[in-house]
Structure formats: C-alpha cells, structure tokens
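Here is work_21.pdb, consisting of PDB, C-alpha atoms:
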```pdb
ATOM      1  CA  MET A 374       0.000   0.000   0.000
ATOM      2  CA  ASN A 375       1.310   3.444  -0.907
ATOM      3  CA  SER A 376       0.288   6.456   1.179
ATOM      4  CA  VAL A 377       0.315  10.081   0.058
ATOM      5  CA  HIS A 378      -0.186  12.860   2.624
ATOM      6  CA  SER A 379      -0.558  16.595   2.058
ATOM      7  CA  LYS A 380      -2.063  19.490   3.945
ATOM      8  CA  SER A 381      -4.863  19.942   1.438
ATOM      9  CA  ASN A 382      -5.588  16.301   0.770
ATOM     10  CA  GLN A 383      -4.702  13.063   2.539
ATOM     11  CA  THR A 384      -4.927  10.017   0.329
ATOM     12  CA  MET A 385      -4.547   6.258   0.836
ATOM     13  CA  LYS A 386      -3.750   4.269  -2.324
ATOM     14  CA  TYR A 387      -3.684   0.480  -2.470
ATOM     15  CA  SER A 388      -1.197  -1.208  -4.812
ATOM     16  CA  SER A 389      -2.845  -3.005  -7.713
ATOM     17  CA  PRO A 390      -2.234  -3.409 -11.456
ATOM     18  CA  ILE A 391      -5.790  -2.169 -11.960
ATOM     19  CA  MET A 392      -6.520   1.534 -11.637
ATOM     20  CA  PRO A 393      -8.663   2.470  -8.595
ATOM     21  CA  ASP A 394     -12.297   3.069  -9.483
ATOM     22  CA  ALA A 395     -13.668   4.012  -6.056
ATOM     23  CA  LEU A 396     -12.797   7.103  -4.039
ATOM     24  CA  ILE A 397     -14.007   6.976  -0.447
ATOM     25  CA  GLU A 398     -13.604   9.952   1.858
ATOM     26  CA  VAL A 399     -13.470   9.151   5.572
ATOM     27  CA  SER A 400     -12.788  11.911   8.112
ATOM     28  CA  GLY A 401     -10.760  13.995   5.656
ATOM     29  CA  TYR A 402      -8.835  11.052   4.193
ATOM     30  CA  THR A 403      -9.449   9.776   0.672
ATOM     31  CA  PHE A 404      -9.061   6.039   0.097
ATOM     32  CA  CYS A 405      -8.386   5.044  -3.539
ATOM     33  CA  MET A 406      -9.825   1.532  -3.855
ATOM     34  CA  HIS A 407     -11.563  -0.919  -6.174
ATOM     35  CA  LYS A 408     -15.324  -1.369  -6.461
ATOM     36  CA  ALA A 409     -15.236  -5.133  -6.929
ATOM     37  CA  LEU A 410     -13.282  -5.785  -3.735
ATOM     38  CA  LEU A 411     -15.477  -3.422  -1.734
ATOM     39  CA  ALA A 412     -18.705  -4.953  -3.053
ATOM     40  CA  ASN A 413     -17.489  -8.497  -2.394
ATOM     41  CA  ASN A 414     -16.792  -7.779   1.263
ATOM     42  CA  SER A 415     -19.599  -5.461   2.353
ATOM     43  CA  LEU A 416     -23.278  -5.292   1.495
ATOM     44  CA  TYR A 417     -23.397  -1.730   2.816
ATOM     45  CA  LEU A 418     -20.547  -0.600   0.543
ATOM     46  CA  ARG A 419     -22.083  -2.476  -2.392
ATOM     47  CA  ARG A 420     -25.235  -0.380  -2.016
ATOM     48  CA  LEU A 421     -23.250   2.868  -1.785
ATOM     49  CA  ILE A 422     -21.302   1.960  -4.907
ATOM     50  CA  GLN A 423     -24.533   1.365  -6.788
ATOM     51  CA  GLU A 424     -25.928   4.705  -5.609
ATOM     52  CA  HIS A 425     -22.823   6.766  -6.449
ATOM     53  CA  TYR A 426     -21.474   5.006  -9.537
ATOM     54  CA  ASP A 427     -20.623   7.336 -12.426
ATOM     55  CA  GLU A 428     -21.091   5.064 -15.437
ATOM     56  CA  GLU A 429     -19.712   7.574 -17.927
ATOM     57  CA  ASN A 430     -16.364   7.892 -16.116
ATOM     58  CA  ASP A 431     -16.446   4.355 -14.666
ATOM     59  CA  ILE A 432     -15.798   5.565 -11.109
ATOM     60  CA  CYS A 433     -17.710   6.210  -7.935
ATOM     61  CA  SER A 434     -16.992   8.656  -5.150
ATOM     62  CA  PHE A 435     -18.697   9.144  -1.811
ATOM     63  CA  LYS A 436     -18.184  10.095   1.816
ATOM     64  CA  LEU A 437     -18.351   7.385   4.464
ATOM     65  CA  ASP A 438     -19.114   7.906   8.146
ATOM     66  CA  ILE A 439     -18.157   4.922  10.270
ATOM     67  CA  PRO A 440     -17.252   4.333  13.955
ATOM     68  CA  GLY A 441     -13.593   5.107  14.540
ATOM     69  CA  GLY A 442     -13.161   7.252  11.437
ATOM     70  CA  ALA A 443     -10.205   7.006   9.062
ATOM     71  CA  ALA A 444      -7.934   5.078  11.437
ATOM     72  CA  THR A 445     -10.504   2.315  11.698
ATOM     73  CA  PHE A 446     -11.302   2.271   7.990
ATOM     74  CA  LYS A 447      -7.583   1.882   7.271
ATOM     75  CA  VAL A 448      -7.690  -1.446   9.137
ATOM     76  CA  VAL A 449     -10.867  -2.406   7.265
ATOM     77  CA  ALA A 450      -9.242  -1.520   3.931
ATOM     78  CA  LYS A 451      -6.194  -3.669   4.692
ATOM     79  CA  TYR A 452      -8.488  -6.608   5.401
ATOM     80  CA  ILE A 453     -10.326  -6.046   2.111
ATOM     81  CA  TYR A 454      -7.002  -6.143   0.232
ATOM     82  CA  GLY A 455      -5.883  -9.328   1.975
ATOM     83  CA  GLN A 456      -3.216  -7.690   4.107
ATOM     84  CA  ASP A 457      -2.440  -8.685   7.691
ATOM     85  CA  LEU A 458      -5.070  -7.546  10.174
ATOM     86  CA  GLU A 459      -3.627  -5.100  12.693
ATOM     87  CA  LEU A 460      -5.979  -5.729  15.611
ATOM     88  CA  THR A 461      -5.133  -4.415  19.073
ATOM     89  CA  SER A 462      -6.914  -3.919  22.376
ATOM     90  CA  SER A 463      -7.344  -0.230  21.483
ATOM     91  CA  ASN A 464      -8.842  -0.679  18.017
ATOM     92  CA  ILE A 465     -10.729  -3.986  18.236
ATOM     93  CA  ILE A 466     -14.012  -2.387  19.361
ATOM     94  CA  PRO A 467     -14.003   0.395  16.704
ATOM     95  CA  VAL A 468     -13.049  -2.135  14.007
ATOM     96  CA  LEU A 469     -15.792  -4.515  15.080
ATOM     97  CA  CYS A 470     -18.361  -1.706  15.219
ATOM     98  CA  ALA A 471     -17.282  -0.595  11.742
ATOM     99  CA  ALA A 472     -17.573  -4.174  10.456
ATOM    100  CA  TYR A 473     -21.104  -4.430  11.865
ATOM    101  CA  HIS A 474     -21.975  -1.049  10.342
ATOM    102  CA  LEU A 475     -20.624  -2.112   6.945
ATOM    103  CA  ASP A 476     -22.373  -5.507   7.136
ATOM    104  CA  MET A 477     -19.163  -7.491   6.612
ATOM    105  CA  THR A 478     -20.563 -10.909   7.517
ATOM    106  CA  ASP A 479     -19.769 -14.444   6.395
ATOM    107  CA  ASN A 480     -22.653 -14.155   3.922
ATOM    108  CA  TYR A 481     -20.366 -12.204   1.601
ATOM    109  CA  THR A 482     -16.933 -13.706   2.203
ATOM    110  CA  ARG A 483     -15.324 -16.612   4.036
ATOM    111  CA  GLN A 484     -13.682 -15.650   7.316
ATOM    112  CA  SER A 485     -15.344 -12.239   7.318
ATOM    113  CA  LEU A 486     -13.937  -9.297   9.230
ATOM    114  CA  ILE A 487     -16.735  -9.672  11.779
ATOM    115  CA  SER A 488     -15.936 -13.315  12.521
ATOM    116  CA  GLN A 489     -12.187 -12.658  12.743
ATOM    117  CA  ALA A 490     -12.594  -9.584  14.950
ATOM    118  CA  GLU A 491     -15.080 -11.331  17.255
ATOM    119  CA  LYS A 492     -12.702 -14.280  17.626
ATOM    120  CA  PHE A 493      -9.842 -11.918  18.488
ATOM    121  CA  LEU A 494     -11.961 -10.070  21.049
ATOM    122  CA  PHE A 495     -13.288 -13.120  22.879
ATOM    123  CA  LYS A 496     -10.262 -15.411  22.532
ATOM    124  CA  GLU A 497      -7.436 -12.919  22.990
ATOM    125  CA  ILE A 498      -8.572  -9.631  24.526
ATOM    126  CA  PHE A 499     -10.958 -11.041  27.124
ATOM    127  CA  ARG A 500      -8.241 -13.350  28.430
ATOM    128  CA  CYS A 501      -6.403 -10.411  30.017
ATOM    129  CA  TRP A 502      -7.438  -7.700  32.457
ATOM    130  CA  LYS A 503      -5.336  -4.900  30.940
ATOM    131  CA  GLU A 504      -6.396  -5.567  27.361
ATOM    132  CA  THR A 505     -10.067  -5.803  28.332
ATOM    133  CA  LEU A 506      -9.844  -2.483  30.172
ATOM    134  CA  GLU A 507      -8.193  -0.834  27.155
ATOM    135  CA  ALA A 508     -10.913  -2.210  24.894
ATOM    136  CA  LEU A 509     -13.587  -0.802  27.205
ATOM    137  CA  ILE A 510     -11.931   2.627  27.282
ATOM    138  CA  SER A 511     -11.923   2.644  23.471
ATOM    139  CA  CYS A 512     -15.737   2.442  23.625
ATOM    140  CA  GLU A 513     -15.983   5.958  25.070
ATOM    141  CA  ASP A 514     -15.620   7.773  21.729
ATOM    142  CA  ILE A 515     -18.058   5.466  19.903
ATOM    143  CA  PHE A 516     -20.295   4.617  22.828
ATOM    144  CA  SER A 517     -23.652   4.474  21.032
ATOM    145  CA  HIS A 518     -22.317   2.044  18.419
ATOM    146  CA  ALA A 519     -20.499  -0.152  20.941
ATOM    147  CA  ASP A 520     -23.430  -0.161  23.346
ATOM    148  CA  GLU A 521     -25.944  -1.052  20.636
ATOM    149  CA  ALA A 522     -23.723  -3.990  19.626
ATOM    150  CA  ASP A 523     -23.560  -5.142  23.295
ATOM    151  CA  LEU A 524     -19.780  -4.730  23.241
ATOM    152  CA  VAL A 525     -19.775  -2.342  26.204
ATOM    153  CA  SER A 526     -21.628  -4.843  28.381
ATOM    154  CA  ALA A 527     -19.394  -7.673  27.155
ATOM    155  CA  CYS A 528     -16.285  -5.773  28.254
ATOM    156  CA  LEU A 529     -17.854  -4.802  31.581
ATOM    157  CA  VAL A 530     -18.971  -8.343  32.405
ATOM    158  CA  SER A 531     -15.535  -9.679  31.519
ATOM    159  CA  LEU A 532     -13.899  -7.148  33.856
ATOM    160  CA  ALA A 533     -16.398  -7.759  36.658
ATOM    161  CA  TYR A 534     -15.790 -11.504  36.703
ATOM    162  CA  LYS A 535     -12.041 -10.931  36.668
ATOM    163  CA  VAL A 536     -12.430  -8.729  39.767
ATOM    164  CA  LYS A 537     -14.569 -11.347  41.483
ATOM    165  CA  LYS A 538     -12.377 -14.339  40.645
ATOM    166  CA  GLN A 539      -8.956 -12.782  41.113
ATOM    167  CA  LYS A 540      -7.374 -14.058  44.312
ATOM    168  CA  SER A 541      -4.914 -11.525  45.669
ATOM    169  CA  GLN A 542      -3.429 -10.443  48.959
ATOM    170  CA  CYS A 543      -4.272  -6.907  47.884
ATOM    171  CA  PRO A 544      -8.062  -6.693  47.354
ATOM    172  CA  ASP A 545      -7.671  -3.162  45.998
ATOM    173  CA  TRP A 546      -5.445  -4.283  43.083
ATOM    174  CA  TRP A 547      -8.045  -3.133  40.549
ATOM    175  CA  PHE A 548      -8.990   0.244  42.046
ATOM    176  CA  GLU A 549      -6.385   2.406  40.293
ATOM    177  CA  ASP A 550      -7.052   0.830  36.898
ATOM    178  CA  VAL A 551     -10.796   1.475  36.909
ATOM    179  CA  CYS A 552     -10.203   5.120  37.782
ATOM    180  CA  SER A 553      -9.263   5.499  34.115
ATOM    181  CA  LEU A 554     -12.912   4.874  33.220
ATOM    182  CA  ASN A 555     -15.305   7.774  32.804
ATOM    183  CA  LEU A 556     -18.083   8.031  35.381
ATOM    184  CA  HIS A 557     -20.709   6.443  33.122
ATOM    185  CA  LEU A 558     -18.660   3.282  32.555
ATOM    186  CA  PHE A 559     -17.517   3.124  36.181
ATOM    187  CA  LYS A 560     -21.133   3.204  37.362
ATOM    188  CA  LYS A 561     -22.018   0.369  34.998
ATOM    189  CA  LEU A 562     -19.105  -1.723  36.273
ATOM    190  CA  VAL A 563     -20.079  -1.183  39.910
ATOM    191  CA  LYS A 564     -23.680  -2.185  39.219
ATOM    192  CA  ILE A 565     -22.562  -5.394  37.494
ATOM    193  CA  LEU A 566     -20.261  -6.203  40.423
ATOM    194  CA  GLY A 567     -23.236  -5.813  42.738
ATOM    195  CA  ALA A 568     -25.398  -8.005  40.507
ATOM    196  CA  ILE A 569     -22.864 -10.862  40.589
ATOM    197  CA  ARG A 570     -22.607 -10.478  44.390
ATOM    198  CA  HIS A 571     -19.028  -9.340  44.663
ATOM    199  CA  ASP A 572     -17.896  -8.414  48.195
ATOM    200  CA  PRO A 573     -19.889  -5.261  49.116
ATOM    201  CA  ALA A 574     -17.062  -3.888  51.267
ATOM    202  CA  ASN A 575     -14.629  -4.169  48.355
ATOM    203  CA  ILE A 576     -17.117  -2.428  46.040
ATOM    204  CA  SER A 577     -17.593   0.335  48.612
ATOM    205  CA  ASN A 578     -13.851   0.877  48.942
ATOM    206  CA  ALA A 579     -13.542   1.076  45.149
ATOM    207  CA  VAL A 580     -16.269   3.732  45.008
ATOM    208  CA  ILE A 581     -14.540   5.768  47.718
ATOM    209  CA  TYR A 582     -11.196   5.398  45.933
ATOM    210  CA  TYR A 583     -12.732   6.623  42.676
ATOM    211  CA  ALA A 584     -14.367   9.576  44.461
ATOM    212  CA  ASN A 585     -11.126  10.540  46.202
ATOM    213  CA  GLY A 586      -9.555  11.089  42.799
ATOM    214  CA  TYR A 587     -11.776  14.151  42.491
ATOM    215  CA  ASP A 588     -10.852  15.592  45.914
ATOM    216  CA  LEU A 589     -14.452  16.100  46.959
ATOM    217  CA  GLY A 590     -13.547  17.473  50.360
ATOM    218  CA  SER A 591     -11.350  20.308  49.099
ATOM    219  CA  ASP A 592     -12.145  23.981  49.626
ATOM    220  CA  PRO A 593     -14.451  25.829  47.224
ATOM    221  CA  ASN A 594     -13.098  28.043  44.482
ATOM    222  CA  SER A 595     -12.212  31.690  45.009
ATOM    223  CA  SER A 596     -15.834  32.756  44.621
ATOM    224  CA  GLY A 597     -16.794  30.665  47.629
ATOM    225  CA  VAL A 598     -19.114  28.540  45.513
ATOM    226  CA  TRP A 599     -18.745  24.764  45.489
ATOM    227  CA  SER A 600     -18.427  23.149  42.070
ATOM    228  CA  GLN A 601     -21.688  21.794  40.688
ATOM    229  CA  GLU A 602     -19.698  18.968  39.081
ATOM    230  CA  LYS A 603     -18.304  17.942  42.477
ATOM    231  CA  ARG A 604     -21.777  17.967  43.985
ATOM    232  CA  LYS A 605     -23.165  15.761  41.228
ATOM    233  CA  LEU A 606     -20.218  13.387  41.468
ATOM    234  CA  LEU A 607     -20.617  13.046  45.224
ATOM    235  CA  GLU A 608     -24.309  12.257  44.801
ATOM    236  CA  GLU A 609     -23.490   9.619  42.188
ATOM    237  CA  MET A 610     -20.934   8.019  44.522
ATOM    238  CA  VAL A 611     -23.437   7.882  47.376
ATOM    239  CA  TYR A 612     -26.003   6.176  45.137
ATOM    240  CA  LEU A 613     -23.350   3.619  44.125
ATOM    241  CA  LEU A 614     -22.407   2.623  47.662
ATOM    242  CA  PRO A 615     -23.660  -0.891  48.498
ATOM    243  CA  ALA A 616     -26.721  -0.822  50.759
ATOM    244  CA  GLN A 617     -25.572  -3.695  52.989
ATOM    245  CA  LYS A 618     -25.027  -2.681  56.600
ATOM    246  CA  GLY A 619     -21.327  -2.344  57.385
ATOM    247  CA  ALA A 620     -20.227  -2.418  53.750
ATOM    248  CA  THR A 621     -19.047   1.173  54.178
ATOM    249  CA  SER A 622     -17.403   2.185  57.445
ATOM    250  CA  THR A 623     -19.192   4.676  59.662
ATOM    251  CA  LYS A 624     -16.201   7.001  59.403
ATOM    252  CA  LEU A 625     -16.417   7.099  55.615
ATOM    253  CA  LEU A 626     -20.169   7.637  55.724
ATOM    254  CA  LEU A 627     -19.658  10.546  58.121
ATOM    255  CA  ASP A 628     -16.985  12.006  55.836
ATOM    256  CA  MET A 629     -19.340  11.800  52.860
ATOM    257  CA  LEU A 630     -22.211  13.309  54.851
ATOM    258  CA  SER A 631     -19.999  16.199  55.913
ATOM    259  CA  SER A 632     -18.958  16.749  52.284
ATOM    260  CA  SER A 633     -22.619  16.512  51.222
ATOM    261  CA  ILE A 634     -23.555  19.307  53.600
ATOM    262  CA  LYS A 635     -20.677  21.491  52.375
ATOM    263  CA  LEU A 636     -21.547  20.841  48.743
ATOM    264  CA  ASN A 637     -25.271  21.411  49.330
ATOM    265  CA  ALA A 638     -26.106  17.952  47.982
ATOM    266  CA  SER A 639     -29.674  16.799  47.446
ATOM    267  CA  MET A 640     -31.876  15.841  50.384
ATOM    268  CA  GLU A 641     -32.125  12.328  48.944
ATOM    269  CA  CYS A 642     -28.355  11.975  49.021
ATOM    270  CA  MET A 643     -28.073  13.168  52.620
ATOM    271  CA  GLU A 644     -31.011  11.018  53.715
ATOM    272  CA  ILE A 645     -29.305   7.889  52.355
ATOM    273  CA  LEU A 646     -26.175   8.694  54.343
ATOM    274  CA  GLU A 647     -28.052   9.602  57.515
ATOM    275  CA  LYS A 648     -30.042   6.341  57.412
ATOM    276  CA  ARG A 649     -26.942   4.225  56.924
ATOM    277  CA  ILE A 650     -25.049   6.011  59.686
ATOM    278  CA  GLY A 651     -28.011   5.590  62.026
ATOM    279  CA  ALA A 652     -28.200   1.868  61.246
ATOM    280  CA  GLN A 653     -24.531   1.420  62.204
ATOM    281  CA  LEU A 654     -24.372   3.404  65.440
ATOM    282  CA  ASP A 655     -24.616   0.217  67.502
ATOM    283  CA  ALA A 656     -21.175  -0.836  66.243
ATOM    284  CA  GLY A 657     -19.281   1.877  68.108
ATOM    285  CA  GLY A 658     -20.545   4.550  65.795
ATOM    286  CA  LEU A 659     -22.205   6.629  68.509
ATOM    287  CA  VAL A 660     -18.871   7.652  70.009
ATOM    288  CA  MET A 661     -17.573   8.504  66.552
ATOM    289  CA  LEU A 662     -20.657  10.616  65.900
ATOM    290  CA  LEU A 663     -20.101  12.615  69.094
ATOM    291  CA  VAL A 664     -16.434  13.159  68.257
ATOM    292  CA  THR A 665     -17.359  14.192  64.731
ATOM    293  CA  ASN A 666     -19.549  17.022  65.940
ATOM    294  CA  SER A 667     -17.201  18.251  68.649
ATOM    295  CA  LYS A 668     -15.867  21.796  68.520
ATOM    296  CA  ASP A 669     -12.347  20.539  67.844
ATOM    297  CA  ASN A 670     -13.358  18.515  64.792
ATOM    298  CA  CYS A 671     -13.581  20.133  61.359
ATOM    299  CA  ARG A 672     -16.361  17.773  60.352
ATOM    300  CA  GLN A 673     -19.623  19.384  61.481
ATOM    301  CA  LEU A 674     -23.037  17.891  60.689
ATOM    302  CA  GLY A 675     -25.538  20.308  62.185
ATOM    303  CA  THR A 676     -28.306  19.638  64.680
ATOM    304  CA  GLY A 677     -30.872  18.682  62.055
ATOM    305  CA  SER A 678     -28.664  15.974  60.627
ATOM    306  CA  LEU A 679     -27.741  14.697  64.086
ATOM    307  CA  LYS A 680     -31.406  14.490  65.064
ATOM    308  CA  ARG A 681     -32.322  12.495  61.960
ATOM    309  CA  ILE A 682     -29.403  10.107  62.455
ATOM    310  CA  MET A 683     -30.538   9.390  66.020
ATOM    311  CA  GLU A 684     -34.122   8.858  64.835
ATOM    312  CA  HIS A 685     -32.902   6.328  62.260
ATOM    313  CA  PHE A 686     -30.876   4.622  64.989
ATOM    314  CA  VAL A 687     -33.944   4.298  67.192
ATOM    315  CA  ASP A 688     -36.126   3.056  64.295
ATOM    316  CA  GLU A 689     -33.497   0.469  63.407
ATOM    317  CA  HIS A 690     -32.826  -0.936  66.869
ATOM    318  CA  TYR A 691     -35.804  -0.238  69.078
ATOM    319  CA  THR A 692     -39.439  -1.175  68.525
ATOM    320  CA  LEU A 693     -42.031   0.257  70.872
ATOM    321  CA  PRO A 694     -44.668  -2.173  72.175
ATOM    322  CA  VAL A 695     -48.077  -1.902  70.521
TER     323      VAL A 695
END
```
Once you've parsed the file, please lay out its structure as structure tokens.
Amino acid sequence: MNSVHSKSNQTMKYSSPIMPDALIEVSGYTFCMHKALLANNSLYLRRLIQEHYDEENDICSFKLDIPGGAATFKVVAKYIYGQDLELTSSNIIPVLCAAYHLDMTDNYTRQSLISQAEKFLFKEIFRCWKETLEALISCEDIFSHADEADLVSACLVSLAYKVKKQKSQCPDWWFEDVCSLNLHLFKKLVKILGAIRHDPANISNAVIYYANGYDLGSDPNSSGVWSQEKRKLLEEMVYLLPAQKGATSTKLLLDMLSSSIKLNASMECMEILEKRIGAQLDAGGLVMLLVTNSKDNCRQLGTGSLKRIMEHFVDEHYTLPV
C-alpha cells in the first residue's frame, strides 16, 4: 500500500495493477480503492457503490461515516485487500463496530472481518485484564455504536468476573485501573459487580477510591461557591455505595455526609447517608458521631442531621410495644 499525505488532501492508495475506481472519503482522508473488492466484502458498501457510480467515467466517489473514522477504515481496507489484520486492544471495538456497520458478515466472504474480529476479542482480549480495560476505554468515543452492539456490556462483564475471581493479597489491586474509566462506565461496572454479588465492602472501597480522585472534600473556588460537578459526582458516589449494613465504614459515611452538607447535595443523598449512619451506630458509631460534631473537629453535621441520624438509629434498633 502506498500512502500520500498533504495538507490539502490526505490520500490512501492500495497497490494493484488495476486503476482504482472508487474514491471513499473518511474523516478527511481519501481512500483510492476498487469497487469489486469493496462490493465483495460489504453489502453496505455495495449499495453505496450502486448509488454513487458514475457510469460515464467508470468511477464512484462518496463520503463514508463509520465508527472510529479514518484510522478504523484503514484497518478495514487492509483486510479487504488481503493484508495482515492489525488488531489491538485499542482498536478492536471500533473495528468490530465498523464491520457491523458495513455488514461485513460471512454471507459475503469466508472468514469475514466480523468473525475474525469477534474471535480476536473473545479469545485474545478477554483473556487479560489490561487488554479488556483498554478495549472498554476505546468504547468511550463510539459509545452508542459499541453499546448497541452489546460490546460495552461484554467488556464490563468480563472485567467484573475478573475482579470477582482474582485471588490476591491486595483486594484493591483493581482500584487504580478502573479510575481510568469515565463516570458512566464506572457506574455500569459497579452495578454489574453488585449483581454478581461481589464483596460489598470491596465495592464500597472502590467507590470511595474513585471519588477521592476528584478531591471532593477540598475547599471551594475563590468565589466561595462549590463546584456543581463535584456535587453531582458526590451524589453519584453515594447512590453507588452498596446498601448492605457495614459495607461502608461509619467514618467514611460521616466524611461523605460532611462533604454533602458542604456541597449542598440533594436531600435524597443526605437522607441515604443519615439512614446508613443511624443503622450502624450500635457498632461503636455513637462515640464517633459525638467526636465528629465536637468543637475541635472540622467535620460538622448540624443539629438537624444529628437528630435524623438518632431517629434512624432508634427506628433500626428499638421497637415500641403496641
């Protein structure tokens, strides 16, 4: 394959004794290819060729919008021309989404791009934690395509079972890695871990670790106003915490409640924390609560919050006779 690059035009030409008769523009790159090869590998491209074919000049030209853009189509083009597939953990999801989009199934060629890419994903990528995580991160830029093809959930489930099955002296071995996920994907992973009944305490610690990366307890900006993004993130973290009693330490719950008050979080968020703190006061939490609200402690909850916590404690542990 010969490549020609210029500021005004970026062109990919594929070596062949036959002159190219198809010009495909993808994200500013022009791919000079051959109609017959394109039509034999993709029903979608076959239809576009039919729609844009210029019979008088014996050529067709059209723009193509696919997941992953030009970098992904370059891999697709190499497959079409029988060159070695360059599949990696970072491009496997975009390539597979593009292959689905282009309808490159076994109905049109033996060992289609879809079948080869799926085999690589499930046999090679999903064998390893790091590669699976990289594949999941690559979904972020093409999320709608990857999610519709169930590739996002496939990556998440693979990661979740690796977390659950991995035996390690360090139960937090996976915390730092998943901090590279955006909030949307992290939330999905946590929910799957809960669904497969992973250790609630470990899930809780992972949520706290992820939240600490955003320094939720730091001082407000120079205007004295707390960041709306921090408030929303804190609320999301509270909703993700496992509901099981004791899964999150009383100290951490008190820290999050204090941050919630500072950030002016929603009443729903603070109510969740107050209920869970109240439910755990029998495990030495009462002393911690008193220390928390002492004059010498920077973590202040306010009388209203204290009152509600005590009411939840009473509701949880004491039942009045009828």
Q) Just how far from atom CA of A:Leu509 is atom CA of A:Pro615, in Å to one decimal? A)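 For atom CA of A:Pro615 relative to atom CA of A:Leu509, the distance reads 23.6 Å.
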Q: Starting from the displayed file, determine the output of the PyMOL selection byres ((chain A and resi 507) around 10) and express the residue list as an MDAnalysis selection string.
A: chainID A and resid 461:466 498 502:506 508:512 528 550 553:554
Q: Could you expand the PyMOL selection byres ((chain A and resi 390-397) around 10) into the explicit residues it covers here, written as JSON, numbers by chain?
A: {"A": [384, 385, 386, 387, 388, 389, 398, 399, 400, 401, 402, 403, 404, 405, 406, 407, 408, 409, 411, 422, 425, 426, 427, 430, 431, 432, 433, 434, 435, 436, 437]}
Q: Kindly give the distance, in Å, that separates atom CA of A:His557 and atom CA of A:Ile650, rounded to a single decimal.
A: 26.9 Å
With a distance cut-off of 10 Å and all atoms listed in the file, select the neighbouring residues of A:Leu630, excluding the residue or stretch itself and same-chain residues fewer than 4 positions from it, and output the selection as a PDB file with C-alpha atoms, in the frame of the given file.
```
ATOM      1  CA  LEU A 607     -20.617  13.046  45.224  1.00  0.00           C
ATOM      2  CA  VAL A 611     -23.437   7.882  47.376  1.00  0.00           C
ATOM      3  CA  LYS A 624     -16.201   7.001  59.403  1.00  0.00           C
ATOM      4  CA  LEU A 625     -16.417   7.099  55.615  1.00  0.00           C
ATOM      5  CA  LEU A 626     -20.169   7.637  55.724  1.00  0.00           C
ATOM      6  CA  ILE A 634     -23.555  19.307  53.600  1.00  0.00           C
ATOM      7  CA  LYS A 635     -20.677  21.491  52.375  1.00  0.00           C
ATOM      8  CA  LEU A 636     -21.547  20.841  48.743  1.00  0.00           C
ATOM      9  CA  ALA A 638     -26.106  17.952  47.982  1.00  0.00           C
ATOM     10  CA  CYS A 642     -28.355  11.975  49.021  1.00  0.00           C
ATOM     11  CA  MET A 643     -28.073  13.168  52.620  1.00  0.00           C
ATOM     12  CA  GLU A 644     -31.011  11.018  53.715  1.00  0.00           C
ATOM     13  CA  ILE A 645     -29.305   7.889  52.355  1.00  0.00           C
ATOM     14  CA  LEU A 646     -26.175   8.694  54.343  1.00  0.00           C
ATOM     15  CA  GLU A 647     -28.052   9.602  57.515  1.00  0.00           C
ATOM     16  CA  ILE A 650     -25.049   6.011  59.686  1.00  0.00           C
ATOM     17  CA  ARG A 672     -16.361  17.773  60.352  1.00  0.00           C
ATOM     18  CA  GLN A 673     -19.623  19.384  61.481  1.00  0.00           C
ATOM     19  CA  LEU A 674     -23.037  17.891  60.689  1.00  0.00           C
ATOM     20  CA  SER A 678     -28.664  15.974  60.627  1.00  0.00           C
TER      21      SER A 678
END
```
**Q.** Length of the atom CA of A:Glu684 to atom CA of A:Ala584 vector [Å]
**A.**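 Spanning atom CA of A:Glu684 to atom CA of A:Ala584 is a straight-line distance of 28.4 Å.
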Q) For A:Leu524, which residue among A:Gly455, A:Gly567, A:Pro467, A:Gly586 is the nearest when counting only C-alpha atoms? A)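 Closest to A:Leu524, using only C-alpha atoms: A:Pro467.
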Q: Apply the PyMOL selection byres ((chain A and resi 469) around 10) to the structure shown and report the selected residues as a ChimeraX atom specification.
A: /A:440-441,445,449,460,464-468,470-475,477,486-491,494,518-519,522,524
Q: May I ask which of the residues A:Ile569, A:Ala533, A:Val580, A:Ala574 is the closest one to A:Phe548, counting all atoms listed in the file?
A: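 Using all atoms listed in the file, the shortest distance to A:Phe548 belongs to A:Val580.
Within 10 Å of the point (-16.3, -3.3, 46.7) in file coordinates, and counting all atoms listed in the file, lie the residues A:Val536, A:Lys537, A:Pro544, A:Asp545, A:Phe548, A:Val563, A:Leu566, A:Gly567, A:Arg570, A:His571, A:Asp572, A:Pro573, A:Ala574, A:Asn575, A:Ile576, A:Ser577, A:Asn578, A:Ala579, A:Val580, A:Ile581, A:Leu614, A:Pro615, A:Ala620, A:Thr621.
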Q | Minimum-distance residue to A:Thr623, chosen among A:Ile515, A:Leu654, A:Met640, A:Leu532 (using all atoms listed in the file) | A |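 Smallest separation from A:Thr623 among the options: A:Leu654.
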Q.
So, with only C-alpha atoms as the atoms that count, which of A:Leu558, A:Met610, A:Val687, A:Ala412 lies closest to A:Met629?
A.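 Distance minimum relative to A:Met629 lands on A:Met610.
With distances taken over all atoms listed in the file, A:Ser632 is the one residue among A:Ser632, A:Leu416, A:Ala616, A:His685 lying closest to A:Lys603.
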Q: Check the smallest atom-to-atom distance from each of A:Asp628, A:Gln539, A:Ala568, A:Lys560 to A:Leu613 using all atoms listed in the file, then report the winner.
A: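 Among the listed residues, A:Lys560 lies closest to A:Leu613.
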Reconstructed stretch 560-567 of chain A, atom set N, CA, C and O atoms, as a short mmCIF file (atom, residue, chain, number, x, y, z; two decimals), keeping the file's coordinate frame:
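Result file out.cif:
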```
data_model
loop_
_atom_site.label_atom_id
_atom_site.label_comp_id
_atom_site.auth_asym_id
_atom_site.auth_seq_id
_atom_site.Cartn_x
_atom_site.Cartn_y
_atom_site.Cartn_z
N LYS A 560 -19.84 3.52 36.74
CA LYS A 560 -21.13 3.20 37.36
C LYS A 560 -21.66 1.86 36.86
O LYS A 560 -22.17 1.05 37.64
N LYS A 561 -21.55 1.63 35.57
CA LYS A 561 -22.02 0.37 35.00
C LYS A 561 -21.24 -0.82 35.57
O LYS A 561 -21.81 -1.86 35.87
N LEU A 562 -19.92 -0.65 35.73
CA LEU A 562 -19.10 -1.72 36.27
C LEU A 562 -19.50 -2.03 37.71
O LEU A 562 -19.64 -3.20 38.08
N VAL A 563 -19.70 -0.99 38.51
CA VAL A 563 -20.08 -1.18 39.91
C VAL A 563 -21.42 -1.91 40.02
O VAL A 563 -21.60 -2.81 40.86
N LYS A 564 -22.36 -1.54 39.17
CA LYS A 564 -23.68 -2.18 39.22
C LYS A 564 -23.60 -3.66 38.83
O LYS A 564 -24.30 -4.51 39.40
N ILE A 565 -22.74 -3.99 37.87
CA ILE A 565 -22.56 -5.39 37.49
C ILE A 565 -21.89 -6.16 38.63
O ILE A 565 -22.28 -7.30 38.94
N LEU A 566 -20.91 -5.55 39.28
CA LEU A 566 -20.26 -6.20 40.42
C LEU A 566 -21.28 -6.50 41.53
O LEU A 566 -21.24 -7.56 42.16
N GLY A 567 -22.19 -5.57 41.75
CA GLY A 567 -23.24 -5.81 42.74
C GLY A 567 -24.17 -6.93 42.31
O GLY A 567 -24.57 -7.76 43.13
#
```
